[in-house]
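Comments concern the structure below.
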Amino acid sequence: MRVTRREFLVAFAGLAERLRAAPARRPRRDCFFGIHLDLHPSDQDRDLGRDLTEEMIERFLDRVRPDFVQYDCKGHAGFLGYPSKVSRSAPIVQDSLAIWRRVTARRGVALYIHFSGVWDSLAVREHPEWARRRPDGKPDDRQTSTFGPYVDARMIPQLKEVIEKYDLDGVWVDGECWALNPDYSKQAAAAFRRATGIKRLPKGPGERGWLEFLEFNREQFRRYVRRYVEAIHAFRPGVQIASNWLYTTFVPERPDIPVDFISGDYLGNACISAARLEARYISQTGKPWDLMAWGFQSPWSNPVGPVHKPAVQICQEAAVVLAQGGAFQVYYQPTRAGWIDDRHVEVMARVARFCRARQALSHRSETVPQIGLIFSTTSLYTTSKRLFGGWGAAVNPARGLLDALVENQLPVDVIPEWKLQDVASQYPLIVVPDWPNLGGAVRDQLRRYLRQGGKLLVAGAENAALFAEDLRVKLVGRASDQGAWIPCDEVFANFRGLWQPVEPDGAEVIESRFPTYDDRKNAQCAATWAKSGAGEIVGFYGPLGTVFALTHAPAVREVVRRLVRRLFTPLVTVESPPTVEVVLRRKNGLLLVHLLNATAMQVAGDYSAVDFVPPVGPVRLSVRLPRRPRQARLEPEGRPLTGAWSDGVWIAEVPRLDIHTIVAIEEG
């Protein structure tokens, strides 16, 4: 059909008017709640996009009202989910991205894509020379080489095409740092030889150049990410990019590459424990950030496969992220044909309402420094065989000790190693987990903090040697694996693991351990207290965080509480069960006490879903304030909270805690 010039101008004017009328889409730094939808399309698909309609998307956006949607473009299989001219697409019935873009543009909702980067199985199948090589020299069947041409020959052209074709707002690049392994390709070997003079690539710890080889691969990954980020920013400056898990605990480095935001998807069992650590770490980076909860329990947790989470379970996970000032998103998979069932939409809507009710006081809030827990890049990079996280058990010292502090209702932040020097003086107490190699640089920074009046809790056999002079103890022999039982109020705490025997040399013994659960004989020093310079230091000479990560035993938690009490009284204390988490923040001139209820949180694959969180209460709250507060409210309800102030302490009672309540205090 021939279109006249007049008809074309009328249609163009109508389109321009509709575009002018569309609401502006928020940049990622202003986004608070989003939905992630990925399918990882492959050549086995036959239904992609078949059931997707504009009406379904409109209904979804009406109910959920996200700031952004992340929809699939390329998964780990490497096939594109849209009709492409630059690379191979999966079989497509209907162009889903085009439909999502039309509707989200009309509604002012940002549209991002899920795009697999390093992991591209199709690319290495079609171009074996692009593959990362394993130690045996064989090509990897999943992972591309960051030393090869893949990023320029395939990845960047794909990104440019899809960004231009669909006017995308951003890219969430998956299959990145966590999928990376050392590369034994000829390109890598030649570059490593030029850089170090080492001819034979090391294959494990103990071989010459092993740590150098790991760092060499890390640096190449940094160059790879910088390459595509800068290329896309130059091509379309407004497009915002994240590399999944970059600058989280997985890559615990100062954020120097110009990614626009930080994001990661946490999954598996004990998601709340994982989110606690990640949210506290990422909140220290200074970048816009979010965490993504899976809307279903991962299929690897049990032989049945995916189990969808009820809304209350996702809300419980969301509260952990919101309390640290972050944005939140939820991952769902549509059907292969693109359909999202109304039941899932309703779950997303309930979670969205929960988050939105807390947005004004939670998003981009600031911490009130109380306890800082050190996260050690040096230890992970020198004692793990991995390039980046997930680190598995290697991160247990930090994860376990954080959980123990949280279960003692202690407000705690995670301090990245690279940020310690800038923020140490702000913290009344710094806690050092039982990292196997904290490193001399961090040790020296902590010693300066201690001499200037700081208070330090140091755990672990390896750290005993680093801080022996400050701890005022003498090491007796070498550290070894030992049974260790510490008496508690009700039972013994089992601290089996690596212990460093010590003798006090001016320190006070504050905890003793026994080789069996018999405290009548064979006592050995477990923990000491001493003054050091203007500060105070407690040493615990065994596996504190590691043991709690493995057991979450109440008696171990009790020992942690006793150690902390020798050094520190928090600004806020509560009387409640250990499942209540306390977070202390500030925003809009208010002191914000977040109370989170982790009761019945999911921790095992054979109990995959939680549909009931028992309420807790009343919760008695004590806040040290120099003056009587002007007023206090329970949020998000906006209900006044009355309390009594005397001798610098304000005491109030929260009658009931369901999942998450904020006590907003206007100080006097």
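Each chain of the structure tokens is named A, B, ... in the order shown, its residues numbered from 1; ligands are numbered from 1 in display order.
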**Message:** For the structure I just gave you, how does DSSP split segment 117-298 of chain A - specifically, which residues are helix (DSSP H, G or I)? Reply as a count of residues only.
**Reply:** 78
Per residue of segment 551-581 of chain A within 12 Å of segment 423-442 of chain A, record the nearest atom pair and its distance in Å to one decimal, counting only C-alpha atoms, with rows in chain order and ascending residue number, as JSON lines.
{"residue": "A:Val560", "atom": "CA", "partner": "A:Val431", "partner_atom": "CA", "distance": 10.9}
{"residue": "A:Leu563", "atom": "CA", "partner": "A:Val431", "partner_atom": "CA", "distance": 10.6}
{"residue": "A:Val564", "atom": "CA", "partner": "A:Leu429", "partner_atom": "CA", "distance": 8.7}
{"residue": "A:Arg565", "atom": "CA", "partner": "A:Leu429", "partner_atom": "CA", "distance": 10.7}
{"residue": "A:Arg566", "atom": "CA", "partner": "A:Leu429", "partner_atom": "CA", "distance": 10.9}
{"residue": "A:Leu567", "atom": "CA", "partner": "A:Leu429", "partner_atom": "CA", "distance": 7.4}
{"residue": "A:Phe568", "atom": "CA", "partner": "A:Leu429", "partner_atom": "CA", "distance": 6.7}
{"residue": "A:Thr569", "atom": "CA", "partner": "A:Pro428", "partner_atom": "CA", "distance": 9.1}
{"residue": "A:Pro570", "atom": "CA", "partner": "A:Pro428", "partner_atom": "CA", "distance": 8.9}
{"residue": "A:Leu571", "atom": "CA", "partner": "A:Pro428", "partner_atom": "CA", "distance": 10.3}
**Asked** Between A:Gly638, A:Gly506, A:Pro27, A:Pro258, which one has atoms that come closest to Ser243 of chain A, using only C-alpha atoms?
**Response** A:Pro258
**Request:** Do a neighbour search on Ala404 of chain A at 12 Å with only C-alpha atoms, toss out local chain neighbours closer than 2 positions, and write the hits as a ChimeraX atom specification.
**Result:** /A:273,276-277,373,396-402,406-412,431,433,544-564,578-581
Using N, CA and C atoms, can you write the selected residues to a file as a short mmCIF file (atom, residue, chain, number, x, y, z; two decimals), in the first residue's frame?
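Okay, part-v4.cif is ready:
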data_model
loop_
_atom_site.label_atom_id
_atom_site.label_comp_id
_atom_site.auth_asym_id
_atom_site.auth_seq_id
_atom_site.Cartn_x
_atom_site.Cartn_y
_atom_site.Cartn_z
N SER A 273 20.69 -14.68 55.02
CA SER A 273 22.09 -14.60 55.44
C SER A 273 22.95 -14.04 54.32
N ARG A 276 22.21 -10.29 53.87
CA ARG A 276 22.79 -9.48 54.95
C ARG A 276 24.20 -9.04 54.60
N LEU A 277 25.00 -9.98 54.17
CA LEU A 277 26.40 -9.68 53.87
C LEU A 277 26.51 -8.80 52.63
N LEU A 373 32.68 -4.57 60.44
CA LEU A 373 33.25 -5.90 60.25
C LEU A 373 34.10 -5.89 58.99
N ASN A 396 33.07 -17.81 54.83
CA ASN A 396 32.42 -18.12 56.10
C ASN A 396 32.90 -17.29 57.29
N PRO A 397 34.18 -16.94 57.39
CA PRO A 397 34.57 -16.11 58.54
C PRO A 397 33.75 -14.84 58.66
N ALA A 398 33.50 -14.17 57.53
CA ALA A 398 32.72 -12.93 57.56
C ALA A 398 31.23 -13.20 57.67
N ARG A 399 30.72 -14.13 56.87
CA ARG A 399 29.28 -14.40 56.90
C ARG A 399 28.85 -14.90 58.27
N GLY A 400 29.63 -15.80 58.85
CA GLY A 400 29.25 -16.35 60.15
C GLY A 400 29.31 -15.33 61.25
N LEU A 401 30.37 -14.54 61.29
CA LEU A 401 30.48 -13.56 62.36
C LEU A 401 29.44 -12.46 62.21
N LEU A 402 29.13 -12.09 60.97
CA LEU A 402 28.06 -11.13 60.75
C LEU A 402 26.74 -11.66 61.28
N VAL A 406 24.45 -9.99 64.18
CA VAL A 406 23.06 -9.61 63.88
C VAL A 406 22.10 -10.32 64.84
N GLU A 407 22.35 -11.60 65.13
CA GLU A 407 21.46 -12.34 66.02
C GLU A 407 21.60 -11.89 67.48
N ASN A 408 22.62 -11.11 67.76
CA ASN A 408 22.73 -10.46 69.07
C ASN A 408 22.17 -9.04 69.05
N GLN A 409 21.40 -8.72 67.98
CA GLN A 409 20.76 -7.41 67.81
C GLN A 409 21.75 -6.25 67.82
N LEU A 410 22.92 -6.48 67.25
CA LEU A 410 23.95 -5.45 67.19
C LEU A 410 23.96 -4.82 65.81
N PRO A 411 23.87 -3.49 65.73
CA PRO A 411 23.97 -2.82 64.42
C PRO A 411 25.39 -2.95 63.86
N VAL A 412 25.53 -3.48 62.67
CA VAL A 412 26.85 -3.77 62.13
C VAL A 412 26.90 -3.45 60.64
N VAL A 431 35.53 -5.23 64.10
CA VAL A 431 35.64 -6.67 64.31
C VAL A 431 36.37 -7.29 63.13
N PRO A 433 37.13 -10.79 61.42
CA PRO A 433 36.82 -12.23 61.38
C PRO A 433 38.08 -13.07 61.28
N LEU A 544 36.00 -18.31 65.10
CA LEU A 544 34.76 -17.71 65.59
C LEU A 544 33.68 -17.64 64.51
N GLY A 545 33.95 -16.89 63.43
CA GLY A 545 32.96 -16.76 62.37
C GLY A 545 32.73 -18.05 61.61
N THR A 546 33.81 -18.78 61.37
CA THR A 546 33.70 -20.03 60.61
C THR A 546 32.77 -21.02 61.30
N VAL A 547 32.92 -21.17 62.61
CA VAL A 547 32.09 -22.11 63.34
C VAL A 547 30.63 -21.68 63.33
N PHE A 548 30.36 -20.39 63.49
CA PHE A 548 28.96 -19.97 63.50
C PHE A 548 28.32 -20.13 62.13
N ALA A 549 29.08 -19.90 61.07
CA ALA A 549 28.54 -20.11 59.72
C ALA A 549 28.13 -21.56 59.50
N LEU A 550 28.87 -22.49 60.11
CA LEU A 550 28.60 -23.91 59.92
C LEU A 550 27.51 -24.45 60.84
N THR A 551 27.28 -23.80 61.97
CA THR A 551 26.36 -24.36 62.96
C THR A 551 25.22 -23.44 63.37
N HIS A 552 25.47 -22.12 63.37
CA HIS A 552 24.52 -21.16 63.92
C HIS A 552 24.03 -21.60 65.30
N ALA A 553 24.95 -22.13 66.08
CA ALA A 553 24.61 -22.65 67.41
C ALA A 553 24.38 -21.50 68.39
N PRO A 554 23.29 -21.53 69.15
CA PRO A 554 23.03 -20.46 70.11
C PRO A 554 24.16 -20.23 71.11
N ALA A 555 24.84 -21.30 71.53
CA ALA A 555 25.92 -21.13 72.50
C ALA A 555 27.09 -20.36 71.89
N VAL A 556 27.37 -20.56 70.62
CA VAL A 556 28.42 -19.80 69.95
C VAL A 556 28.03 -18.33 69.88
N ARG A 557 26.76 -18.08 69.57
CA ARG A 557 26.26 -16.71 69.57
C ARG A 557 26.44 -16.05 70.93
N GLU A 558 26.21 -16.81 71.99
CA GLU A 558 26.37 -16.29 73.34
C GLU A 558 27.81 -15.87 73.61
N VAL A 559 28.76 -16.66 73.15
CA VAL A 559 30.17 -16.30 73.33
C VAL A 559 30.49 -15.01 72.59
N VAL A 560 29.99 -14.85 71.38
CA VAL A 560 30.20 -13.61 70.63
C VAL A 560 29.65 -12.42 71.42
N ARG A 561 28.47 -12.58 72.00
CA ARG A 561 27.88 -11.50 72.79
C ARG A 561 28.78 -11.12 73.96
N ARG A 562 29.35 -12.10 74.64
CA ARG A 562 30.21 -11.82 75.78
C ARG A 562 31.47 -11.08 75.35
N LEU A 563 32.04 -11.48 74.22
CA LEU A 563 33.24 -10.81 73.73
C LEU A 563 32.97 -9.35 73.39
N VAL A 564 31.87 -9.11 72.70
CA VAL A 564 31.55 -7.74 72.29
C VAL A 564 31.27 -6.86 73.50
N PRO A 578 16.36 -13.69 69.27
CA PRO A 578 17.53 -13.46 68.41
C PRO A 578 17.19 -13.35 66.93
N THR A 579 15.97 -13.65 66.56
CA THR A 579 15.57 -13.54 65.15
C THR A 579 15.23 -12.10 64.76
N VAL A 580 15.30 -11.18 65.69
CA VAL A 580 15.05 -9.77 65.38
C VAL A 580 16.38 -9.11 65.04
N GLU A 581 16.45 -8.51 63.88
CA GLU A 581 17.65 -7.82 63.40
C GLU A 581 17.47 -6.32 63.58
#
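Among the candidate residues A:Val603, A:Val151, A:Ala22, A:Val572, the one lying nearest to Ile651 of chain A is A:Val572, with distances computed using only C-alpha atoms.
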**Request:** Using backbone DSSP assignments, extract all strand (DSSP E) residues from segment 30-255 of chain A; output them as number ranges by chain.
**Result:** A: 33-37, 68-74, 110-116, 131-133, 139-144, 170-174, 240-243
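For Val307 of chain A, the list of residues within 7 Å, based on only C-alpha atoms and with local chain neighbours fewer than 2 positions off taken out, reads Phe296, Gln297, Gly305, Lys309 and Ser608 of chain A.
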Selected residues written out, N, CA, C and O atoms, as an mmCIF file, in the first residue's frame:
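Output saved as out_2.cif:
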data_model
loop_
_atom_site.group_PDB
_atom_site.id
_atom_site.type_symbol
_atom_site.label_atom_id
_atom_site.label_comp_id
_atom_site.auth_asym_id
_atom_site.auth_seq_id
_atom_site.Cartn_x
_atom_site.Cartn_y
_atom_site.Cartn_z
ATOM 1 N N PHE A 296 11.651 -17.741 43.088
ATOM 2 C CA PHE A 296 11.478 -19.180 43.279
ATOM 3 C C PHE A 296 12.758 -19.726 43.895
ATOM 4 O O PHE A 296 13.840 -19.164 43.723
ATOM 5 N N GLN A 297 12.608 -20.812 44.635
ATOM 6 C CA GLN A 297 13.793 -21.469 45.173
ATOM 7 C C GLN A 297 14.497 -22.183 44.026
ATOM 8 O O GLN A 297 13.857 -22.843 43.199
ATOM 9 N N GLY A 305 13.072 -29.457 41.583
ATOM 10 C CA GLY A 305 13.163 -28.319 40.673
ATOM 11 C C GLY A 305 12.623 -27.068 41.321
ATOM 12 O O GLY A 305 12.488 -26.988 42.548
ATOM 13 N N LYS A 309 8.242 -18.956 45.607
ATOM 14 C CA LYS A 309 8.163 -18.417 46.959
ATOM 15 C C LYS A 309 6.873 -17.624 47.149
ATOM 16 O O LYS A 309 6.514 -16.809 46.294
ATOM 17 N N SER A 608 11.636 -25.454 51.275
ATOM 18 C CA SER A 608 12.003 -24.442 50.287
ATOM 19 C C SER A 608 11.231 -23.144 50.408
ATOM 20 O O SER A 608 11.737 -22.091 50.023
#
**Ala598 of chain A environment, 12 Å, only C-alpha atoms, sequence neighbours closer than 2 positions dropped, as number ranges by chain** = A: 270-273, 276, 312-320, 403, 406-407, 409, 576-582, 595-596, 600-603, 610, 612-616, 657-660
**Request:** Name all residues at most 6 Å from Leu37 of chain A (count only C-alpha atoms; drop same-chain ones fewer than 2 positions away) and give them as a count of residues only.
**Result:** 5
**Item:** Point-to-point distance from atom CA of Ala231 of chain A to atom CA of Lys160 of chain A, Å rounded to tenths
**Value:**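 Interatomic distance, atom CA of Ala231 of chain A to atom CA of Lys160 of chain A: 9.1 Å.
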**6 Å contact set for Ala293 of chain A, only C-alpha atoms, chain neighbours under 3 positions out, as a list of chain:residue names** =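 Within the cut-off, the hits are A:Asp265, A:Tyr266, A:Val330.
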